[in-house]
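Trainee: Data: target02.cif, mmCIF, C-alpha atoms.
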```cif
data_run
#
loop_
_atom_site.label_atom_id
_atom_site.label_comp_id
_atom_site.auth_asym_id
_atom_site.auth_seq_id
_atom_site.Cartn_x
_atom_site.Cartn_y
_atom_site.Cartn_z
CA MET A 1 -24.30 8.77 34.14
CA ILE A 2 -24.80 8.97 30.40
CA ASP A 3 -26.78 12.20 30.55
CA ASN A 4 -24.42 13.91 32.97
CA PRO A 5 -23.59 17.26 31.34
CA LYS A 6 -20.36 17.67 33.31
CA THR A 7 -18.41 14.88 31.62
CA GLY A 8 -17.70 14.37 27.96
CA MET A 9 -18.55 16.58 25.00
CA THR A 10 -21.66 18.59 24.10
CA LEU A 11 -25.22 17.30 23.64
CA ILE A 12 -24.98 17.17 19.82
CA VAL A 13 -21.93 14.93 19.91
CA LYS A 14 -23.55 12.66 22.52
CA THR A 15 -26.75 12.21 20.50
CA ILE A 16 -24.92 11.42 17.27
CA THR A 17 -22.63 9.01 19.14
CA ARG A 18 -25.61 7.19 20.64
CA LEU A 19 -26.98 6.68 17.13
CA THR A 20 -23.77 5.61 15.40
CA VAL A 21 -21.72 3.61 17.89
CA GLY A 22 -23.79 0.46 17.50
CA LEU A 23 -23.54 0.63 13.73
CA ILE A 24 -19.74 0.95 13.91
CA LEU A 25 -19.50 -2.08 16.22
CA LEU A 26 -21.79 -4.08 13.89
CA PHE A 27 -19.70 -3.11 10.86
CA GLY A 28 -16.56 -4.33 12.62
CA ILE A 29 -18.19 -7.69 13.38
CA TYR A 30 -19.32 -7.95 9.73
CA ILE A 31 -15.77 -7.30 8.50
CA ILE A 32 -14.41 -10.00 10.85
CA LEU A 33 -16.97 -12.66 9.89
CA HIS A 34 -16.67 -12.09 6.12
CA GLY A 35 -12.88 -12.06 6.12
CA HIS A 36 -12.58 -15.07 3.82
CA LEU A 37 -15.08 -13.79 1.25
CA SER A 38 -14.38 -10.08 0.84
CA PRO A 39 -11.58 -7.60 1.68
CA GLY A 40 -11.01 -7.27 5.39
CA GLY A 41 -10.31 -9.88 8.02
CA GLY A 42 -9.31 -10.09 11.63
CA PHE A 43 -6.89 -7.17 11.69
CA ALA A 44 -9.10 -4.52 10.04
CA GLY A 45 -12.26 -5.66 11.84
CA GLY A 46 -10.51 -5.74 15.20
CA VAL A 47 -9.29 -2.18 14.80
CA ILE A 48 -12.83 -1.06 13.86
CA VAL A 49 -14.22 -2.72 17.03
CA ALA A 50 -11.56 -0.93 19.10
CA LEU A 51 -12.46 2.37 17.38
CA SER A 52 -16.11 2.00 18.39
CA PHE A 53 -15.15 1.81 22.07
CA VAL A 54 -12.69 4.70 21.65
CA HIS A 55 -15.54 6.72 20.07
CA LEU A 56 -17.70 5.98 23.13
CA MET A 57 -14.91 7.07 25.46
CA LEU A 58 -14.17 10.31 23.62
CA ALA A 59 -17.82 11.36 23.57
CA PHE A 60 -19.04 10.32 27.04
CA GLY A 61 -15.92 10.44 29.18
CA LYS A 62 -13.92 7.54 30.51
CA ASP A 63 -16.36 6.28 33.15
CA VAL A 64 -19.01 5.12 30.67
CA ALA A 65 -16.50 3.21 28.58
CA ILE A 66 -14.97 1.59 31.67
CA SER A 67 -18.43 0.48 32.81
CA LYS A 68 -18.77 -1.36 29.49
CA VAL A 69 -15.28 -2.91 29.35
CA SER A 70 -13.04 -2.57 32.37
CA LYS A 71 -9.27 -2.82 32.26
CA ASN A 72 -9.10 -6.27 33.87
CA LEU A 73 -11.77 -7.61 31.50
CA ALA A 74 -9.84 -6.18 28.55
CA SER A 75 -6.57 -7.83 29.51
CA ASN A 76 -8.33 -11.14 30.26
CA LEU A 77 -10.12 -11.10 26.90
CA GLU A 78 -6.85 -10.39 25.14
CA SER A 79 -5.23 -13.42 26.75
CA ILE A 80 -8.27 -15.52 25.80
CA GLY A 81 -7.92 -14.43 22.15
CA ALA A 82 -4.25 -15.34 22.05
CA LEU A 83 -4.87 -18.74 23.69
CA MET A 84 -7.75 -19.43 21.29
CA PHE A 85 -5.51 -18.80 18.29
CA LEU A 86 -2.78 -21.01 19.72
CA SER A 87 -5.23 -23.82 20.54
CA ILE A 88 -6.65 -23.72 17.00
CA ALA A 89 -3.08 -24.07 15.78
CA LEU A 90 -2.44 -26.99 18.16
CA LEU A 91 -5.63 -28.75 17.01
CA GLY A 92 -3.89 -29.33 13.71
CA PHE A 93 -1.80 -32.03 15.38
CA LEU A 94 -4.92 -34.24 15.27
CA GLY A 95 -4.36 -34.44 11.53
CA GLY A 96 -0.59 -34.55 11.67
CA SER A 97 0.98 -31.08 11.63
CA PHE A 98 0.85 -27.58 13.12
CA PHE A 99 -1.81 -25.24 11.62
CA LEU A 100 -3.35 -28.01 9.53
CA ASN A 101 -6.81 -27.23 8.17
CA ILE A 102 -8.65 -30.21 9.68
CA LEU A 103 -12.26 -29.01 9.42
CA PRO A 104 -14.27 -29.70 6.22
CA LYS A 105 -13.76 -27.03 3.57
CA GLY A 106 -17.35 -26.67 2.38
CA THR A 107 -18.22 -25.00 -0.89
CA PRO A 108 -16.51 -21.69 -1.71
CA PHE A 109 -18.55 -18.43 -1.61
CA ASN A 110 -20.55 -19.65 1.40
CA LEU A 111 -20.33 -18.04 4.85
CA PHE A 112 -19.66 -21.39 6.55
CA SER A 113 -16.74 -22.58 4.49
CA ALA A 114 -12.94 -22.62 4.49
CA GLY A 115 -12.43 -24.79 7.60
CA ILE A 116 -10.49 -23.08 10.39
CA ILE A 117 -10.04 -19.70 8.67
CA PRO A 118 -13.21 -18.01 10.10
CA LEU A 119 -12.32 -19.28 13.59
CA CYS A 120 -8.81 -17.84 13.25
CA ASN A 121 -10.31 -14.56 12.04
CA ILE A 122 -12.57 -14.38 15.12
CA ALA A 123 -9.63 -15.09 17.47
CA ILE A 124 -7.44 -12.44 15.84
CA GLY A 125 -10.32 -9.97 15.84
CA ILE A 126 -10.87 -10.38 19.61
CA LYS A 127 -7.15 -10.13 20.25
CA VAL A 128 -6.42 -7.04 18.14
CA GLY A 129 -9.58 -5.15 19.12
CA VAL A 130 -9.36 -5.65 22.85
CA GLY A 131 -5.57 -5.25 22.87
CA LEU A 132 -5.69 -1.87 21.16
CA PHE A 133 -8.54 -0.74 23.43
CA ALA A 134 -6.46 -1.79 26.48
CA ILE A 135 -3.54 0.29 25.16
CA PHE A 136 -5.77 3.36 24.76
CA LEU A 137 -7.38 2.84 28.19
CA THR A 138 -3.96 2.61 29.86
CA LEU A 139 -2.74 5.79 28.15
CA VAL A 140 -5.84 7.76 29.26
CA ILE A 141 -6.12 6.50 32.84
CA VAL A 142 -2.49 7.13 33.76
CA GLU A 143 -2.57 10.64 32.39
CA LYS A 144 -5.64 11.42 34.49
CA SER A 145 -4.34 9.92 37.76
CA LYS A 146 -1.13 11.94 37.82
CA MET B 1 12.23 2.73 -11.45
CA THR B 2 11.23 6.35 -10.79
CA LEU B 3 8.60 5.13 -8.35
CA TYR B 4 11.18 3.12 -6.43
CA PHE B 5 13.43 6.17 -6.19
CA LEU B 6 10.58 8.42 -5.01
CA CYS B 7 9.76 5.83 -2.35
CA LEU B 8 13.41 5.92 -1.21
CA MET B 9 13.24 9.72 -1.07
CA LEU B 10 10.27 9.41 1.31
CA PHE B 11 12.32 7.01 3.44
CA CYS B 12 15.20 9.52 3.50
CA VAL B 13 12.91 12.33 4.70
CA GLY B 14 11.99 10.15 7.67
CA LEU B 15 15.65 9.24 8.23
CA TYR B 16 16.59 12.94 8.26
CA GLY B 17 13.93 13.56 10.91
CA VAL B 18 15.21 10.74 13.10
CA LEU B 19 18.87 11.75 12.83
CA ARG B 20 18.64 15.52 12.98
CA LYS B 21 15.68 16.58 15.12
CA ARG B 22 15.94 17.04 18.90
CA ASN B 23 12.26 16.88 19.82
CA LEU B 24 11.12 13.41 20.88
CA VAL B 25 7.75 13.71 19.10
CA LYS B 26 9.51 14.64 15.85
CA ILE B 27 11.61 11.49 16.17
CA ILE B 28 8.46 9.38 16.58
CA VAL B 29 6.94 11.07 13.50
CA GLY B 30 10.10 10.31 11.53
CA LEU B 31 9.93 6.64 12.52
CA GLY B 32 6.30 6.55 11.35
CA ILE B 33 7.22 8.02 7.96
CA MET B 34 10.00 5.43 7.50
CA GLU B 35 7.49 2.67 8.27
CA TYR B 36 5.02 4.02 5.68
CA ALA B 37 7.76 4.14 3.02
CA MET B 38 8.81 0.56 3.75
CA ASN B 39 5.23 -0.77 3.51
CA LEU B 40 4.70 1.07 0.22
CA PHE B 41 7.95 -0.34 -1.21
CA PHE B 42 6.84 -3.92 -0.48
CA VAL B 43 3.50 -3.41 -2.23
CA LEU B 44 5.16 -1.65 -5.20
CA LEU B 45 7.35 -4.72 -5.73
CA GLY B 46 4.27 -6.94 -6.09
CA TYR B 47 2.27 -4.82 -8.56
CA ARG B 48 1.58 -6.12 -12.04
CA PHE B 49 0.37 -4.16 -15.07
CA ASP B 50 -3.38 -4.63 -15.69
CA GLY B 51 -3.59 -6.75 -12.56
CA ARG B 52 -6.73 -7.48 -10.58
CA ALA B 53 -7.15 -7.56 -6.80
CA PRO B 54 -6.38 -11.05 -5.41
CA ILE B 55 -9.97 -12.09 -4.75
CA VAL B 56 -11.54 -14.86 -6.81
CA ALA B 57 -14.80 -13.91 -8.52
CA ARG B 58 -17.78 -16.19 -8.71
CA ASP B 59 -18.39 -16.71 -12.42
CA GLN B 60 -15.28 -15.55 -14.24
CA ASN B 61 -11.77 -16.93 -14.38
CA ILE B 62 -9.24 -14.26 -13.45
CA LEU B 63 -5.71 -14.96 -14.60
CA ASN B 64 -3.79 -11.72 -14.04
CA MET B 65 -3.82 -11.15 -10.28
CA VAL B 66 -1.29 -8.98 -8.48
CA ASP B 67 1.15 -10.69 -6.11
CA PRO B 68 -0.69 -11.47 -2.83
CA LEU B 69 2.39 -12.43 -0.81
CA PRO B 70 3.77 -8.89 -0.10
CA GLN B 71 0.24 -7.76 0.76
CA ALA B 72 -0.07 -10.54 3.34
CA LEU B 73 3.28 -9.64 4.91
CA VAL B 74 2.51 -5.89 5.01
CA LEU B 75 -0.92 -6.53 6.59
CA THR B 76 0.70 -7.84 9.77
CA SER B 77 3.40 -5.16 9.62
CA ILE B 78 0.87 -2.29 9.75
CA VAL B 79 -0.71 -3.49 13.02
CA ILE B 80 2.71 -4.16 14.57
CA GLY B 81 3.68 -0.59 13.62
CA LEU B 82 0.71 0.79 15.55
CA ALA B 83 1.61 -1.24 18.66
CA VAL B 84 5.25 -0.16 18.51
CA THR B 85 4.24 3.51 18.08
CA ALA B 86 2.03 3.25 21.16
CA LEU B 87 4.92 1.70 23.15
CA ILE B 88 7.31 4.52 22.13
CA ILE B 89 4.68 7.13 23.06
CA SER B 90 4.21 5.61 26.52
CA ILE B 91 7.97 5.82 27.11
CA ALA B 92 7.91 9.45 25.89
CA ILE B 93 5.07 10.29 28.32
CA ARG B 94 7.11 8.89 31.23
CA ILE B 95 10.18 10.90 30.13
CA TYR B 96 8.04 14.06 29.97
CA GLU B 97 6.72 13.45 33.49
CA LYS B 98 10.20 12.93 34.90
CA TYR B 99 12.14 15.70 33.14
CA GLY B 100 9.41 18.12 32.01
CA THR B 101 10.67 18.38 28.44
CA PHE B 102 10.73 16.57 25.11
CA ASP B 103 14.19 17.91 24.19
CA ILE B 104 16.65 15.04 24.11
CA THR B 105 19.68 17.22 24.79
CA LYS B 106 18.18 18.37 28.12
CA ILE B 107 17.82 14.84 29.47
CA LYS B 108 21.14 14.74 31.27
CA LYS B 109 20.63 11.69 33.43
CA LEU B 110 20.47 9.31 30.49
CA LYS B 111 24.12 10.05 29.76
CA GLY B 112 25.29 8.01 32.74
CA MET C 1 0.97 8.66 -13.39
CA GLU C 2 -1.35 9.18 -10.43
CA LEU C 3 1.07 7.20 -8.30
CA HIS C 4 3.82 9.74 -9.07
CA ILE C 5 1.55 12.61 -8.03
CA LEU C 6 0.57 10.80 -4.81
CA LEU C 7 4.20 10.03 -3.95
CA ILE C 8 5.31 13.63 -4.54
CA PHE C 9 2.41 14.79 -2.33
CA MET C 10 3.54 12.33 0.35
CA ILE C 11 7.11 13.63 0.21
CA PHE C 12 5.96 17.25 0.57
CA ALA C 13 3.64 16.36 3.47
CA ALA C 14 6.50 14.47 5.16
CA ILE C 15 8.82 17.48 4.81
CA VAL C 16 6.12 19.68 6.37
CA ALA C 17 5.67 17.16 9.18
CA ILE C 18 9.37 17.16 9.92
CA GLU C 19 10.05 20.88 9.62
CA VAL C 20 7.00 22.67 11.08
CA LYS C 21 7.44 24.17 14.57
CA ASP C 22 4.03 23.40 16.12
CA LEU C 23 3.76 19.80 17.36
CA LEU C 24 0.02 19.48 16.65
CA SER C 25 0.51 20.62 13.03
CA SER C 26 3.28 18.08 12.66
CA VAL C 27 1.03 15.24 13.85
CA ILE C 28 -1.77 16.29 11.47
CA ALA C 29 0.70 16.44 8.56
CA VAL C 30 1.81 12.87 9.25
CA GLY C 31 -1.89 11.97 9.16
CA ALA C 32 -1.99 13.40 5.62
CA VAL C 33 0.90 11.10 4.67
CA GLY C 34 -1.00 8.10 6.04
CA PHE C 35 -4.23 8.82 4.17
CA ALA C 36 -2.32 9.38 0.92
CA LEU C 37 -0.70 5.98 1.54
CA CYS C 38 -4.21 4.50 1.84
CA LEU C 39 -5.10 5.92 -1.60
CA ALA C 40 -1.86 4.53 -3.04
CA PHE C 41 -2.78 1.05 -1.74
CA LEU C 42 -6.15 1.34 -3.48
CA ILE C 43 -4.47 2.22 -6.80
CA LEU C 44 -2.05 -0.69 -6.37
CA LYS C 45 -5.01 -3.13 -6.11
CA ALA C 46 -4.68 -3.99 -2.42
CA PRO C 47 -8.11 -3.37 -0.82
CA ASP C 48 -7.31 -5.28 2.39
CA LEU C 49 -4.34 -3.04 3.04
CA ALA C 50 -6.36 0.09 2.25
CA ILE C 51 -9.03 -0.74 4.87
CA THR C 52 -6.44 -1.63 7.50
CA GLN C 53 -4.29 1.43 6.82
CA LEU C 54 -7.33 3.74 7.04
CA VAL C 55 -8.52 2.55 10.45
CA VAL C 56 -5.01 2.17 11.89
CA GLU C 57 -4.19 5.73 10.81
CA ILE C 58 -7.26 7.09 12.63
CA LEU C 59 -6.32 5.29 15.87
CA CYS C 60 -2.65 6.33 15.55
CA LEU C 61 -3.69 9.98 15.11
CA ILE C 62 -5.89 9.84 18.23
CA ILE C 63 -3.05 8.35 20.30
CA LEU C 64 -0.47 10.87 18.97
CA ILE C 65 -2.74 13.87 19.61
CA ARG C 66 -3.46 12.52 23.11
CA ALA C 67 0.27 12.43 23.79
CA THR C 68 1.21 15.80 22.38
CA ILE C 69 -1.65 18.10 23.34
CA ASN C 70 -0.76 20.96 25.74
CA LYS C 71 2.90 19.99 25.64
CA ASP C 72 4.39 22.42 23.19
CA LEU C 73 7.91 23.73 23.44
CA PRO C 74 9.91 25.93 21.08
CA LEU C 75 12.85 24.36 19.33
CA VAL C 76 16.13 25.99 20.20
CA ILE C 77 18.84 26.33 17.57
CA GLU C 78 22.28 26.34 19.07
CA GLY C 79 25.78 26.35 17.63
CA ARG C 80 27.16 23.59 15.39
CA TRP C 81 23.95 23.75 13.36
CA ILE C 82 25.85 23.69 10.05
CA PHE C 83 28.06 20.78 11.09
CA ASN C 84 25.15 18.59 12.18
CA THR C 85 23.08 19.29 9.09
CA VAL C 86 25.97 18.72 6.69
CA SER C 87 26.98 15.44 8.32
CA THR C 88 23.37 14.16 8.28
CA LEU C 89 22.88 15.14 4.64
CA SER C 90 26.14 13.52 3.58
CA PHE C 91 25.14 10.30 5.33
CA ILE C 92 21.81 10.34 3.48
CA ALA C 93 23.62 10.98 0.18
CA VAL C 94 25.85 7.94 0.70
CA PHE C 95 22.76 5.89 1.58
CA LEU C 96 20.97 7.00 -1.60
CA LEU C 97 24.02 6.16 -3.72
CA PHE C 98 24.18 2.56 -2.48
CA ALA C 99 20.38 2.23 -2.71
CA TRP C 100 20.52 3.39 -6.35
CA LEU C 101 23.13 0.74 -7.09
CA ALA C 102 20.96 -1.92 -5.43
CA LEU C 103 17.76 -0.86 -7.19
CA LYS C 104 19.18 -1.82 -10.60
CA GLU C 105 19.15 -5.49 -9.61
CA LEU C 106 15.43 -5.54 -8.72
CA PRO C 107 12.76 -6.54 -11.25
CA GLY C 108 11.13 -3.56 -12.94
CA PHE C 109 7.87 -2.00 -11.81
CA GLY C 110 4.86 -3.98 -13.03
CA GLU C 111 6.69 -7.22 -13.80
CA PRO C 112 7.06 -9.20 -10.57
CA ILE C 113 8.78 -12.59 -10.50
CA MET C 114 5.95 -14.50 -8.71
CA ALA C 115 7.80 -17.81 -8.41
CA VAL C 116 6.06 -19.07 -5.26
CA VAL C 117 2.78 -17.27 -5.72
CA LYS C 118 1.78 -19.11 -8.92
CA LYS C 119 1.18 -22.24 -6.84
CA TYR C 120 -0.84 -20.27 -4.28
CA LEU C 121 -3.01 -18.70 -6.96
CA GLN C 122 -3.70 -21.99 -8.72
CA GLU C 123 -4.38 -24.17 -5.68
CA GLY C 124 -5.49 -21.58 -3.12
CA VAL C 125 -9.24 -21.98 -3.46
CA SER C 126 -9.20 -25.78 -3.74
CA LYS C 127 -6.79 -26.30 -0.84
CA THR C 128 -8.14 -23.82 1.70
CA GLY C 129 -11.68 -23.02 0.53
CA SER C 130 -11.06 -19.29 1.08
CA VAL C 131 -11.97 -16.96 -1.78
CA ASN C 132 -9.81 -14.09 -0.57
CA ILE C 133 -6.27 -15.19 -1.44
CA VAL C 134 -4.64 -12.76 1.02
CA THR C 135 -6.58 -14.31 3.91
CA ALA C 136 -5.64 -17.77 2.65
CA VAL C 137 -1.95 -16.78 2.68
CA ILE C 138 -1.90 -15.20 6.14
CA LEU C 139 -4.04 -17.81 7.91
CA ASP C 140 -3.18 -21.05 6.13
CA PHE C 141 -0.01 -21.07 4.03
CA ARG C 142 2.00 -18.68 6.21
CA ALA C 143 0.23 -18.85 9.57
CA TYR C 144 3.49 -18.84 11.52
CA ASP C 145 3.89 -15.18 10.54
CA THR C 146 0.52 -14.35 12.08
CA LEU C 147 1.40 -16.26 15.25
CA GLY C 148 4.56 -14.12 15.56
CA GLU C 149 2.50 -10.98 15.04
CA ALA C 150 0.14 -12.04 17.85
CA THR C 151 3.16 -12.53 20.13
CA VAL C 152 4.53 -9.08 19.30
CA LEU C 153 1.17 -7.41 19.99
CA PHE C 154 0.82 -9.27 23.31
CA THR C 155 4.34 -8.24 24.36
CA SER C 156 3.63 -4.64 23.42
CA VAL C 157 0.45 -4.50 25.56
CA ILE C 158 2.32 -6.00 28.52
CA GLY C 159 5.13 -3.47 28.05
CA ILE C 160 2.77 -0.50 27.96
CA MET C 161 0.93 -1.71 31.08
CA ALA C 162 4.24 -2.18 32.90
CA ILE C 163 5.59 1.23 31.93
CA LEU C 164 2.44 3.22 32.67
CA ARG C 165 1.34 1.47 35.88
CA ARG C 166 0.68 3.46 39.02
CA PRO C 167 3.82 3.73 41.12
CA GLY C 168 3.85 1.27 44.01
CA ARG C 169 4.65 1.79 47.67
CA LYS C 170 7.79 3.67 48.51
CA LYS C 171 10.75 1.74 49.81
CA ARG C 172 11.11 1.58 53.56
CA GLU C 173 14.24 3.31 54.75
#
```
Go ahead and express the file in the form of structure tokens.
Mentor:
Amino acid sequence: MIDNPKTGMTLIVKTITRLTVGLILLFGIYIILHGHLSPGGGFAGGVIVALSFVHLMLAFGKDVAISKVSKNLASNLESIGALMFLSIALLGFLGGSFFLNILPKGTPFNLFSAGIIPLCNIAIGIKVGVGLFAIFLTLVIVEKSK
Amino acid sequence: MTLYFLCLMLFCVGLYGVLRKRNLVKIIVGLGIMEYAMNLFFVLLGYRFDGRAPIVARDQNILNMVDPLPQALVLTSIVIGLAVTALIISIAIRIYEKYGTFDITKIKKLKG
Amino acid sequence: MELHILLIFMIFAAIVAIEVKDLLSSVIAVGAVGFALCLAFLILKAPDLAITQLVVEILCLIILIRATINKDLPLVIEGRWIFNTVSTLSFIAVFLLFAWLALKELPGFGEPIMAVVKKYLQEGVSKTGSVNIVTAVILDFRAYDTLGEATVLFTSVIGIMAILRRPGRKKRE
């Protein structure tokens, strides 16, 4: 299906996309995980992850992207991200209040530090990335089916 | 002060587009420009002369950081703006399918 | 000084985006406004905002072009053109007058008040362990704001899926 010349763009675009789409996804995950050390965070990294899937869809046509992440999987993952963020917030009640940072802080400038902040970044990254990809998927599919 | 007034001029260009234009896409573009101007105004209020970015460095003590609170508020506002723009565009696509035009004066059935 | 040049460029690009006849050109001009805004965030020492604005602008351009391609229509100019334009411009003039009066009460550019933020800057690293103060503010000190943002994004996705769903069965007569 990937090498079908009928769907998607030309061969040059497909080859370049095959080389770069993994790097874009990896860069998004890096931005999410290092949100408490460097500029970035859940919002920017999530949008970059969504852009990698949009890149795949624009180059190869919509079938390849749907075989990676279908619409039901996207909406389920978005709900899981939202529930994960809310449950992290509710875990603070173990220490006494909403959104309390109950995990150990660690030493600053380390990757595993800052308590719940990396977990919150991962939850927001899943939620924003998959949510924006679901929006784009819905816009494309409905226009094609009419 | 001049920067604040230029930022307001940008807001007014967007406001003119929303109030005056008849094409639905032009109205969406005007809303986007108003949103950009508002985000820029928040960040302008928090700037400080000779300030540094609000990230602590490892082996030096930085005292003159810019205000991080407007940046934190605007960071959520940008993503919300994208979601709201996508929602408006989906409504515009449905209107185009039903009436075949983007001109808001031709959409008679919305008048009731 | 470079901020003035960037803002004047943004105003000109916005006027082009509002006034040009072709819809695709209008969308690309609003993209120019967004990228100039990204540069302005970099000059104002906000790298988080610059990254987010850059990627959000790319996705917004893709969605806008997807919506407007092949759907061009000429703008018709009918009667009462002078009346509409004059009333809109007078409304904007009144708005600018009141905004000018209100701007005098704000603190000047480059000298923010920073009443609350002093505490965040002093105790941010020791209380949260996060080096990036912006992340510490949005995920620890003011996390309710982020929770509200997550709710708005969730509602928006549900709204788009409800509006653009395939039409169901027809009603039985």
Trainee: Figure out the distance between CA of Ala50 in chain A and CA of Arg18 in chain A, please, to one decimal in Å.
Mentor: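 Computed distance, CA of Arg18 in chain A to CA of Ala50 in chain A, equals 16.3 Å.
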Trainee: Using the chain letters and numbers from this file, what does the PyMOL selection byres ((chain C) within 6 of (chain B)) select? Give the answer as a PyMOL selection string.
Mentor: chain C and resi 11+18+45+110-112+131-134+138+160
Trainee: Separation of CA of Phe60 in chain A and CA of Thr7 in chain A, in Å?
Mentor: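 Distance reported for this atom pair: 6.5 Å.
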Trainee: If we count all atoms listed in the file, what is near range 105-113 of chain A at a cut-off of 12 Å, once residues fewer than 4 positions away on the same chain are taken out, given as number ranges by chain?
Mentor: A: 30, 32-38, 101, 117-119; B: 55-59; C: 124-132
Trainee: How close does each residue of chain A get to chain B, giving the shortest atom pair and distance in Å to one decimal for every residue with an atom at most 12 Å away, counting all atoms listed in the file, sorted by chain and residue number, as a Markdown table?
Mentor:
```
| residue | atom | partner | partner_atom | distance |
| --- | --- | --- | --- | --- |
| A:Gly35 | CA | B:Ile55 | CA | 11.3 |
| A:His36 | CA | B:Ile55 | CA | 9.4 |
| A:Leu37 | CA | B:Ile55 | CA | 8.1 |
| A:Ser38 | CA | B:Ile55 | CA | 7.4 |
| A:Pro39 | CA | B:Ile55 | CA | 8.0 |
| A:Gly40 | CA | B:Leu75 | CA | 10.2 |
| A:Gly41 | CA | B:Leu75 | CA | 10.1 |
| A:Gly42 | CA | B:Leu75 | CA | 10.4 |
| A:Phe43 | CA | B:Val79 | CA | 7.3 |
| A:Ala44 | CA | B:Val79 | CA | 9.0 |
| A:Gly45 | CA | B:Val79 | CA | 11.8 |
| A:Gly46 | CA | B:Val79 | CA | 10.3 |
| A:Val47 | CA | B:Val79 | CA | 8.9 |
| A:Thr107 | CA | B:Arg58 | CA | 11.8 |
| A:Pro108 | CA | B:Arg58 | CA | 9.0 |
| A:Phe109 | CA | B:Arg58 | CA | 7.5 |
| A:Asn110 | CA | B:Arg58 | CA | 11.0 |
| A:Ile124 | CA | B:Thr76 | CA | 11.1 |
| A:Gly125 | CA | B:Val79 | CA | 11.9 |
| A:Lys127 | CA | B:Val79 | CA | 11.7 |
| A:Val128 | CA | B:Val79 | CA | 8.5 |
| A:Gly129 | CA | B:Val79 | CA | 10.9 |
| A:Gly131 | CA | B:Ala83 | CA | 9.2 |
| A:Leu132 | CA | B:Ala83 | CA | 7.7 |
| A:Phe133 | CA | B:Ala83 | CA | 11.2 |
| A:Ala134 | CA | B:Ala86 | CA | 11.2 |
| A:Ile135 | CA | B:Ala86 | CA | 7.5 |
| A:Phe136 | CA | B:Ala86 | CA | 8.6 |
| A:Leu137 | CA | B:Ala86 | CA | 11.8 |
| A:Thr138 | CA | B:Ser90 | CA | 9.3 |
| A:Leu139 | CA | B:Ser90 | CA | 7.1 |
| A:Val140 | CA | B:Ser90 | CA | 10.6 |
| A:Val142 | CA | B:Ile93 | CA | 9.8 |
| A:Glu143 | CA | B:Ile93 | CA | 8.7 |
| A:Lys146 | CA | B:Glu97 | CA | 9.1 |
```
Trainee: Evaluate the PyMOL selection byres ((chain C) within 8 of (chain A)) on the structure here and hand back the selected residues as number ranges by chain.
Mentor: C: 47-48, 51-52, 55-56, 59, 63, 125, 128-132, 135-136, 139-140, 143, 147, 150, 153-154, 157, 160-161, 164-166
